[in-house]
$ cat run-v5.cif   # mmCIF, C-alpha atoms
data_coords
#
loop_
_atom_site.label_atom_id
_atom_site.label_comp_id
_atom_site.auth_asym_id
_atom_site.auth_seq_id
_atom_site.Cartn_x
_atom_site.Cartn_y
_atom_site.Cartn_z
CA MET A 1 -17.13 -50.89 -42.88
CA ALA A 2 -17.07 -54.57 -43.83
CA THR A 3 -20.15 -56.07 -45.43
CA ILE A 4 -21.56 -59.57 -45.56
CA LYS A 5 -20.21 -59.80 -49.11
CA ASP A 6 -16.67 -59.15 -47.80
CA VAL A 7 -17.10 -61.92 -45.20
CA ALA A 8 -18.32 -64.37 -47.84
CA ARG A 9 -15.46 -63.51 -50.19
CA MET A 10 -12.76 -63.96 -47.52
CA ALA A 11 -14.33 -67.18 -46.19
CA GLY A 12 -14.77 -68.61 -49.68
CA VAL A 13 -18.46 -69.32 -49.22
CA SER A 14 -21.72 -67.90 -50.55
CA ILE A 15 -23.48 -64.89 -49.06
CA SER A 16 -26.45 -67.12 -48.20
CA THR A 17 -24.17 -69.41 -46.17
CA VAL A 18 -22.86 -66.47 -44.13
CA SER A 19 -26.42 -65.19 -43.67
CA LYS A 20 -27.53 -68.60 -42.46
CA TYR A 21 -24.65 -68.69 -39.95
CA LEU A 22 -25.47 -65.19 -38.64
CA ASN A 23 -29.12 -66.13 -38.13
CA GLY A 24 -28.35 -69.32 -36.21
CA GLY A 25 -28.99 -71.75 -39.05
CA ASN A 26 -27.13 -75.00 -39.75
CA VAL A 27 -23.88 -74.56 -41.68
CA ARG A 28 -21.53 -77.28 -42.86
CA PRO A 29 -18.82 -77.93 -40.24
CA GLU A 30 -16.00 -77.23 -42.74
CA ASN A 31 -17.40 -73.72 -43.32
CA LEU A 32 -17.69 -72.69 -39.69
CA GLU A 33 -14.08 -71.81 -38.99
CA PRO A 34 -13.50 -69.84 -42.25
CA ILE A 35 -16.63 -67.78 -41.56
CA ARG A 36 -15.66 -67.10 -37.93
CA SER A 37 -12.12 -66.17 -38.95
CA ALA A 38 -13.36 -63.81 -41.65
CA ILE A 39 -15.78 -62.11 -39.26
CA ALA A 40 -12.99 -61.63 -36.71
CA ALA A 41 -10.44 -60.41 -39.27
CA LEU A 42 -12.85 -57.92 -40.81
CA ASP A 43 -14.42 -56.93 -37.47
CA TYR A 44 -17.78 -57.46 -39.14
CA ARG A 45 -20.92 -56.28 -37.32
CA ALA A 46 -24.36 -57.12 -38.66
CA ASN A 47 -26.67 -54.13 -39.10
CA PRO A 48 -29.89 -55.12 -37.29
CA PHE A 49 -31.81 -52.14 -38.66
CA ALA A 50 -31.02 -52.99 -42.27
CA ARG A 51 -31.99 -56.59 -41.57
CA CYS A 52 -35.31 -55.49 -40.07
CA LEU A 53 -36.14 -53.28 -43.06
CA LYS A 54 -35.47 -56.11 -45.46
CA ALA A 55 -37.39 -58.74 -43.50
CA GLN A 56 -40.23 -56.39 -42.45
CA ARG A 57 -39.66 -57.69 -38.92
CA SER A 58 -37.59 -56.51 -35.98
CA ARG A 59 -37.17 -60.02 -34.50
CA SER A 60 -37.90 -58.43 -31.13
CA ILE A 61 -40.72 -59.03 -28.64
CA GLY A 62 -41.95 -56.52 -26.07
CA ILE A 63 -42.57 -57.76 -22.53
CA LEU A 64 -44.53 -55.40 -20.30
CA LEU A 65 -45.10 -56.31 -16.65
CA PRO A 66 -45.31 -54.68 -13.18
CA ASN A 67 -41.82 -55.64 -11.98
CA MET A 68 -39.03 -58.18 -12.25
CA ALA A 69 -38.29 -58.34 -8.52
CA ALA A 70 -41.03 -60.88 -7.79
CA PRO A 71 -39.72 -64.42 -8.37
CA PHE A 72 -43.00 -65.30 -10.11
CA PHE A 73 -42.39 -62.78 -12.88
CA GLY A 74 -38.64 -63.42 -13.05
CA THR A 75 -39.06 -67.17 -13.52
CA MET A 76 -41.86 -66.68 -16.03
CA VAL A 77 -39.85 -64.22 -18.13
CA MET A 78 -36.76 -66.45 -18.15
CA ALA A 79 -38.81 -69.38 -19.51
CA LEU A 80 -40.49 -67.08 -22.04
CA ASP A 81 -37.23 -65.52 -23.21
CA THR A 82 -35.54 -68.92 -23.62
CA ILE A 83 -38.22 -70.05 -26.09
CA LEU A 84 -38.17 -66.75 -27.96
CA ARG A 85 -34.37 -66.82 -28.35
CA GLU A 86 -34.52 -70.37 -29.66
CA HIS A 87 -36.70 -69.01 -32.47
CA GLY A 88 -34.48 -66.03 -33.23
CA TYR A 89 -36.30 -63.34 -31.24
CA HIS A 90 -34.92 -60.97 -28.62
CA SER A 91 -36.88 -59.62 -25.66
CA MET A 92 -37.33 -55.97 -24.74
CA ILE A 93 -38.56 -55.77 -21.14
CA CYS A 94 -40.31 -52.80 -19.50
CA CYS A 95 -41.60 -52.65 -15.92
CA TYR A 96 -44.29 -50.12 -15.01
CA GLY A 97 -44.23 -50.54 -11.23
CA SER A 98 -48.03 -50.50 -10.79
CA SER A 99 -48.21 -46.98 -12.25
CA HIS A 100 -51.07 -46.48 -14.68
CA GLY A 101 -49.21 -43.67 -16.43
CA LEU A 102 -46.06 -45.75 -16.88
CA GLU A 103 -48.08 -48.77 -17.99
CA ARG A 104 -49.66 -46.76 -20.79
CA ASP A 105 -46.41 -44.97 -21.72
CA TYR A 106 -44.36 -48.16 -21.88
CA PHE A 107 -47.07 -49.87 -23.94
CA ARG A 108 -46.89 -47.01 -26.42
CA PHE A 109 -43.07 -47.02 -26.33
CA LEU A 110 -42.81 -50.75 -27.10
CA LEU A 111 -45.16 -50.35 -30.05
CA SER A 112 -43.05 -47.44 -31.33
CA THR A 113 -39.86 -49.51 -31.27
CA GLY A 114 -41.29 -51.85 -33.89
CA VAL A 115 -41.60 -55.00 -31.80
CA ASP A 116 -43.24 -57.86 -33.70
CA GLY A 117 -45.45 -58.87 -30.78
CA MET A 118 -46.01 -58.36 -27.06
CA VAL A 119 -46.41 -60.41 -23.91
CA TYR A 120 -48.32 -58.23 -21.49
CA VAL A 121 -49.27 -58.43 -17.80
CA PRO A 122 -52.05 -55.80 -17.53
CA GLU A 123 -53.02 -53.98 -14.39
CA ASP A 124 -54.88 -50.70 -14.89
CA LEU A 125 -55.25 -50.32 -18.64
CA SER A 126 -58.88 -50.32 -19.80
CA ALA A 127 -60.23 -52.06 -22.87
CA GLU A 128 -60.75 -48.66 -24.50
CA GLU A 129 -57.15 -47.63 -23.83
CA PHE A 130 -55.85 -50.95 -25.15
CA ARG A 131 -57.82 -50.59 -28.40
CA GLU A 132 -56.72 -46.98 -28.76
CA LEU A 133 -53.04 -47.89 -28.37
CA THR A 134 -53.13 -50.86 -30.75
CA ALA A 135 -55.38 -49.29 -33.39
CA GLN A 136 -52.49 -47.97 -35.48
CA ARG A 137 -50.29 -51.03 -35.04
CA PRO A 138 -52.31 -54.21 -34.43
CA ILE A 139 -49.54 -56.65 -33.54
CA PRO A 140 -50.13 -59.99 -31.74
CA VAL A 141 -50.48 -59.59 -27.97
CA VAL A 142 -50.62 -62.37 -25.39
CA GLN A 143 -51.99 -61.39 -21.98
CA VAL A 144 -50.34 -63.25 -19.11
CA ASP A 145 -51.39 -63.79 -15.47
CA ARG A 146 -54.17 -61.22 -15.87
CA ALA A 147 -56.63 -60.19 -18.56
CA ILE A 148 -58.46 -56.99 -19.47
CA GLN A 149 -62.20 -57.50 -19.59
CA GLY A 150 -63.44 -56.86 -23.11
CA VAL A 151 -60.06 -57.35 -24.81
CA GLU A 152 -59.98 -60.36 -27.11
CA THR A 153 -56.41 -61.66 -27.29
CA ASP A 154 -54.71 -64.91 -26.40
CA ALA A 155 -54.33 -65.15 -22.61
CA VAL A 156 -52.45 -67.52 -20.30
CA LEU A 157 -53.91 -67.44 -16.80
CA VAL A 158 -54.02 -69.54 -13.62
CA ASN A 159 -57.00 -71.14 -11.83
CA ASN A 160 -56.96 -68.39 -9.19
CA MET A 161 -60.46 -68.86 -7.80
CA GLU A 162 -60.25 -72.64 -7.65
CA ILE A 163 -56.83 -72.87 -5.94
CA VAL A 164 -57.74 -70.29 -3.27
CA TYR A 165 -61.13 -71.93 -2.76
CA ASN A 166 -59.43 -75.30 -2.20
CA GLY A 167 -56.86 -73.78 0.13
CA VAL A 168 -59.45 -72.02 2.28
CA CYS A 169 -61.61 -75.16 2.38
CA GLY A 170 -58.56 -77.02 3.69
CA LEU A 171 -58.22 -74.52 6.54
CA LEU A 172 -61.94 -74.75 7.31
CA ASP A 173 -61.78 -78.55 7.29
CA ARG A 174 -59.10 -78.31 9.98
CA GLY A 175 -61.62 -76.57 12.22
CA HIS A 176 -60.82 -72.89 11.58
CA ARG A 177 -63.78 -70.54 11.49
CA ARG A 178 -62.02 -67.19 11.59
CA VAL A 179 -59.98 -67.25 8.41
CA ALA A 180 -58.54 -63.94 7.18
CA ILE A 181 -57.21 -63.01 3.76
CA ILE A 182 -54.51 -60.47 2.91
CA THR A 183 -54.73 -59.61 -0.75
CA GLY A 184 -53.87 -57.02 -3.38
CA PRO A 185 -55.94 -54.13 -4.77
CA LYS A 186 -59.44 -55.24 -5.72
CA SER A 187 -58.92 -53.63 -9.14
CA VAL A 188 -56.16 -56.13 -10.00
CA PHE A 189 -57.46 -59.15 -11.93
CA THR A 190 -55.68 -61.84 -9.89
CA ALA A 191 -56.45 -60.22 -6.54
CA LYS A 192 -60.12 -60.00 -7.46
CA GLU A 193 -60.30 -63.66 -8.53
CA ARG A 194 -58.48 -64.88 -5.43
CA LEU A 195 -60.79 -62.88 -3.19
CA VAL A 196 -63.79 -64.46 -4.94
CA GLY A 197 -62.35 -67.93 -4.20
CA TYR A 198 -62.01 -67.02 -0.53
CA LEU A 199 -65.53 -65.61 -0.29
CA ARG A 200 -67.04 -68.61 -2.05
CA ALA A 201 -65.36 -71.02 0.38
CA MET A 202 -66.58 -69.06 3.40
CA SER A 203 -70.09 -68.95 1.96
CA ASP A 204 -70.14 -72.68 1.22
CA TYR A 205 -69.31 -73.33 4.88
CA ASP A 206 -72.16 -70.99 5.96
CA LEU A 207 -69.77 -68.50 7.56
CA PRO A 208 -70.95 -64.85 7.55
CA TYR A 209 -68.86 -62.23 5.77
CA ASP A 210 -66.63 -60.31 8.18
CA ASP A 211 -65.04 -57.20 6.67
CA SER A 212 -62.44 -57.06 9.45
CA LEU A 213 -60.94 -60.34 8.17
CA VAL A 214 -60.33 -58.96 4.65
CA HIS A 215 -57.25 -56.78 4.32
CA SER A 216 -56.24 -55.42 0.91
CA GLY A 217 -53.40 -53.20 -0.23
CA GLU A 218 -50.57 -53.05 -2.72
CA LEU A 219 -48.92 -56.34 -3.66
CA THR A 220 -45.98 -55.62 -1.36
CA PHE A 221 -44.14 -56.85 1.71
CA ALA A 222 -45.55 -53.89 3.65
CA THR A 223 -49.13 -54.98 2.98
CA GLY A 224 -48.48 -58.41 4.49
CA TYR A 225 -46.47 -57.02 7.40
CA THR A 226 -48.99 -54.29 8.29
CA GLY A 227 -51.99 -56.50 7.59
CA PHE A 228 -50.81 -59.15 10.01
CA GLY A 229 -50.39 -56.56 12.76
CA LEU A 230 -53.87 -55.15 12.21
CA LEU A 231 -55.44 -58.61 12.23
CA MET A 232 -53.70 -59.50 15.48
CA GLN A 233 -55.08 -56.32 17.11
CA LEU A 234 -58.69 -57.39 16.51
CA PRO A 235 -60.73 -58.24 19.63
CA ASN A 236 -61.25 -61.67 18.09
CA PRO A 237 -58.24 -62.23 15.81
CA PRO A 238 -58.22 -64.87 13.08
CA THR A 239 -56.86 -68.34 13.71
CA ALA A 240 -55.75 -68.74 10.09
CA ILE A 241 -54.60 -66.39 7.32
CA ILE A 242 -54.30 -66.83 3.58
CA CYS A 243 -51.83 -64.66 1.66
CA THR A 244 -52.22 -64.07 -2.06
CA ASN A 245 -48.73 -63.34 -3.38
CA TYR A 246 -45.02 -63.78 -2.63
CA ASP A 247 -44.29 -60.40 -1.03
CA ILE A 248 -47.42 -60.44 1.14
CA THR A 249 -46.48 -63.92 2.39
CA LEU A 250 -42.96 -62.76 3.32
CA GLY A 251 -44.42 -59.76 5.14
CA VAL A 252 -46.76 -61.95 7.21
CA ILE A 253 -44.03 -64.47 8.11
CA THR A 254 -41.68 -61.65 9.16
CA ALA A 255 -44.35 -59.91 11.25
CA ALA A 256 -45.24 -63.17 13.01
CA GLN A 257 -41.60 -63.93 13.83
CA GLU A 258 -41.04 -60.43 15.23
CA ARG A 259 -44.04 -60.87 17.52
CA GLY A 260 -42.92 -64.32 18.65
CA ILE A 261 -46.00 -65.95 17.12
CA ARG A 262 -45.32 -69.50 15.99
CA LEU A 263 -46.59 -70.55 12.58
CA PRO A 264 -48.61 -72.69 12.14
CA GLU A 265 -49.05 -73.71 15.79
CA GLN A 266 -50.57 -70.42 16.95
CA ILE A 267 -51.75 -69.01 13.60
CA ASP A 268 -52.28 -71.25 10.60
CA LEU A 269 -50.99 -69.78 7.35
CA LEU A 270 -51.46 -70.52 3.67
CA GLY A 271 -48.73 -68.83 1.63
CA PHE A 272 -48.54 -67.98 -2.05
CA ASP A 273 -45.54 -68.45 -4.39
CA CYS A 274 -43.03 -68.64 -1.49
CA VAL A 275 -42.44 -72.36 -1.92
CA GLU A 276 -38.77 -72.34 -0.86
CA VAL A 277 -39.38 -70.13 2.20
CA CYS A 278 -42.52 -71.98 3.34
CA SER A 279 -40.90 -75.39 2.81
CA LEU A 280 -37.93 -74.41 5.01
CA MET A 281 -40.17 -73.48 7.94
CA THR A 282 -40.49 -76.02 10.78
CA PRO A 283 -43.03 -77.40 10.30
CA ALA A 284 -43.35 -76.60 6.60
CA LEU A 285 -46.19 -74.21 5.76
CA PRO A 286 -48.76 -74.98 3.06
CA VAL A 287 -48.26 -72.77 0.02
CA VAL A 288 -49.74 -72.26 -3.44
CA GLN A 289 -47.24 -72.86 -6.24
CA GLN A 290 -48.02 -71.36 -9.64
CA PRO A 291 -46.63 -72.94 -12.84
CA GLU A 292 -44.42 -69.95 -13.71
CA GLN A 293 -42.27 -71.73 -16.29
CA GLU A 294 -45.25 -73.31 -18.02
CA ILE A 295 -46.94 -69.90 -18.18
CA GLY A 296 -43.88 -68.41 -19.88
CA ARG A 297 -43.43 -71.29 -22.32
CA THR A 298 -47.12 -71.31 -23.25
CA ALA A 299 -47.21 -67.55 -23.80
CA ALA A 300 -44.17 -67.84 -26.07
CA ALA A 301 -45.78 -70.68 -28.03
CA TYR A 302 -49.02 -68.73 -28.52
CA LEU A 303 -47.14 -65.63 -29.69
CA LEU A 304 -44.91 -67.56 -32.09
CA GLN A 305 -47.97 -69.23 -33.59
CA ARG A 306 -49.54 -65.82 -34.22
CA LEU A 307 -46.33 -64.54 -35.78
CA ASP A 308 -46.37 -67.58 -38.06
CA GLY A 309 -49.82 -66.61 -39.30
CA CYS A 310 -52.25 -68.38 -36.95
CA GLN A 311 -55.72 -66.86 -37.41
CA ASP A 312 -57.65 -68.97 -34.88
CA ALA A 313 -60.04 -67.33 -32.43
CA PRO A 314 -58.35 -65.89 -29.32
CA ARG A 315 -57.51 -68.58 -26.79
CA GLN A 316 -57.76 -68.31 -23.00
CA LEU A 317 -55.93 -71.06 -21.16
CA ARG A 318 -56.18 -71.66 -17.41
CA LEU A 319 -53.16 -73.50 -16.05
CA GLU A 320 -53.39 -75.23 -12.69
CA ALA A 321 -51.59 -74.03 -9.58
CA ARG A 322 -51.07 -76.63 -6.86
CA LEU A 323 -50.90 -76.81 -3.09
CA VAL A 324 -47.50 -77.72 -1.67
CA ASN A 325 -47.13 -79.03 1.91
CA PRO A 326 -50.93 -79.30 2.29
#

$ encode --input "run-v5.cif" --output "structure tokens"
Amino acid sequence: MATIKDVARMAGVSISTVSKYLNGGNVRPENLEPIRSAIAALDYRANPFARCLKAQRSRSIGILLPNMAAPFFGTMVMALDTILREHGYHSMICCYGSSHGLERDYFRFLLSTGVDGMVYVPEDLSAEEFRELTAQRPIPVVQVDRAIQGVETDAVLVNNMEIVYNGVCGLLDRGHRRVAIITGPKSVFTAKERLVGYLRAMSDYDLPYDDSLVHSGELTFATGYTGFGLLMQLPNPPTAIICTNYDITLGVITAAQERGIRLPEQIDLLGFDCVEVCSLMTPALPVVQQPEQEIGRTAAAYLLQRLDGCQDAPRQLRLEARLVNP
């Protein structure tokens, strides 16, 4: 098997020059073609494991999140991965599908692979479980979108309570008094914060709490679809609904169309994350847009700073979502 020394000898350059080329560094233009030709002729393959042992780093980052199907997570991960690759890191992605067992197992698995750091979207892991898992290998972790109470790491979040509060106030200012919310499990960090924003807006407008207007379930299309049907069966159905994620919004829009209910003429709707879908409706529906790319880029920056030796106190940043088509 060819070695880096063989490549350097055939190309007529130093071993350090070949190493710099292999790691994405700048190499003199006149040396590029000889190195490429030597690598091709010798069928040279770098040994990543030997490189990791020598550098004491794997140059890999673990990314643990519920799923990649949601556009929010997909866009965020693409922005995150782009920054990491520019700095010579590769991403290892695991999706736990809202299963507590899988969340814990994949967390342990990523640690066992030797990743240098993790970007983590928590759901059910407790602070005690987090500390237990990281006790033997305390690598940098950046929590994204959600945070575990009692866990002190860098975190990149969104102004969930504020954006939902503003959105509900907008509906109330338009004269609605029966505003419903379809949200995720109350144990999920973002669902809890968004529900608080809704409740605060209703309270500020002196509207009594009505349990029948609050529908919670998994963060899925089915929750939005079923929730809309149940709300419409109420003796006094809502005149406006706020959805709290992409799939729930799609479920509500689909259920309304199947029932021949026109949005927003008959039922006002505030969507979440479905900017393209809501903007294509006639008329366009108001929707909350989260800064997915900025979340990913910021999480990458925080993690890279930790890997470079940053010892500052853990940072928690709240990025601002915005209302589109208000």

$ residues_around --input "run-v5.cif" --residues "segment 177-187 of chain A" --least-positions-apart "2" --cutoff "10 Å" --atoms "all atoms listed in the file" --output "ChimeraX atom specification"
/A:123-124,168,171-175,189-195,198-199,202,205,207-208,210-220,223-228,231,236-245,248-249,252,267-270

$ atom_distance --input "run-v5.cif" --atom1 "atom CA of Pro122 of chain A" --atom2 "atom CA of Glu103 of chain A"
8.1 Å

$ axis_aligned_box --input "run-v5.cif" --around "segment 70-73 of chain A" --padding-each-side "6 Å" --output "JSON"
{"center_x": -41.4, "center_y": -63.1, "center_z": -10.3, "size_x": 15.3, "size_y": 16.4, "size_z": 17.1}

$ residues_around --input "run-v5.cif" --residues "Thr282 of chain A" --least-positions-apart "4" --cutoff "10 Å" --atoms "only C-alpha atoms" --output "PyMOL selection string"
chain A and resi 262-264+278

$ atom_distance --input "run-v5.cif" --atom1 "atom CA of Lys5 of chain A" --atom2 "atom CA of Asp116 of chain A"
27.8 Å

$ closest_residue --input "run-v5.cif" --among "A:Ile61, A:Leu280, A:Gly117, A:Pro71" --to "Ile93 of chain A" --atoms "only C-alpha atoms"
A:Ile61

$ residues_around --input "run-v5.cif" --residues "segment 27-29 of chain A" --least-positions-apart "4" --cutoff "9 Å" --atoms "all atoms listed in the file" --output "number ranges by chain"
A: 17-18, 20-21, 33

$ build_atoms --input "run-v5.cif" --residues "segment 260-280 of chain A" --atoms "N, CA and C atoms" --output "compact mmCIF listing (two decimals), in the frame of the given file"
# COMPACT_ATOMS: atom_id res chain seq x y z
N GLY A 260 -43.07 -63.06 17.93
CA GLY A 260 -42.92 -64.32 18.65
C GLY A 260 -44.09 -65.26 18.46
N ILE A 261 -44.84 -65.08 17.39
CA ILE A 261 -46.00 -65.95 17.12
C ILE A 261 -45.54 -67.11 16.25
N ARG A 262 -45.78 -68.31 16.71
CA ARG A 262 -45.32 -69.50 15.99
C ARG A 262 -46.33 -69.90 14.92
N LEU A 263 -45.80 -70.07 13.71
CA LEU A 263 -46.59 -70.55 12.58
C LEU A 263 -46.21 -72.00 12.30
N PRO A 264 -47.15 -72.88 12.13
CA PRO A 264 -48.61 -72.69 12.14
C PRO A 264 -49.26 -73.05 13.47
N GLU A 265 -48.46 -73.25 14.53
CA GLU A 265 -49.05 -73.71 15.79
C GLU A 265 -50.06 -72.71 16.36
N GLN A 266 -49.69 -71.42 16.37
CA GLN A 266 -50.57 -70.42 16.95
C GLN A 266 -51.49 -69.78 15.91
N ILE A 267 -50.95 -69.54 14.73
CA ILE A 267 -51.75 -69.01 13.60
C ILE A 267 -51.44 -69.88 12.39
N ASP A 268 -52.46 -70.47 11.81
CA ASP A 268 -52.28 -71.25 10.60
C ASP A 268 -52.11 -70.30 9.42
N LEU A 269 -51.28 -70.68 8.48
CA LEU A 269 -50.99 -69.78 7.35
C LEU A 269 -50.96 -70.56 6.06
N LEU A 270 -51.58 -69.99 5.03
CA LEU A 270 -51.46 -70.52 3.67
C LEU A 270 -50.75 -69.46 2.85
N GLY A 271 -49.53 -69.78 2.40
CA GLY A 271 -48.73 -68.83 1.63
C GLY A 271 -49.02 -68.91 0.15
N PHE A 272 -48.36 -68.03 -0.60
CA PHE A 272 -48.54 -67.98 -2.05
C PHE A 272 -47.20 -67.71 -2.71
N ASP A 273 -46.76 -68.60 -3.59
CA ASP A 273 -45.54 -68.45 -4.39
C ASP A 273 -44.24 -68.66 -3.61
N CYS A 274 -44.25 -68.51 -2.30
CA CYS A 274 -43.03 -68.64 -1.49
C CYS A 274 -42.72 -70.10 -1.18
N VAL A 275 -42.58 -70.93 -2.16
CA VAL A 275 -42.44 -72.36 -1.92
C VAL A 275 -41.16 -72.66 -1.13
N GLU A 276 -40.03 -72.06 -1.54
CA GLU A 276 -38.77 -72.34 -0.86
C GLU A 276 -38.83 -71.89 0.60
N VAL A 277 -39.32 -70.67 0.83
CA VAL A 277 -39.38 -70.13 2.20
C VAL A 277 -40.32 -70.96 3.06
N CYS A 278 -41.52 -71.23 2.55
CA CYS A 278 -42.52 -71.98 3.34
C CYS A 278 -42.08 -73.42 3.60
N SER A 279 -41.36 -74.01 2.65
CA SER A 279 -40.90 -75.39 2.81
C SER A 279 -39.77 -75.49 3.82
N LEU A 280 -39.03 -74.40 4.04
CA LEU A 280 -37.93 -74.41 5.01
C LEU A 280 -38.39 -74.16 6.44
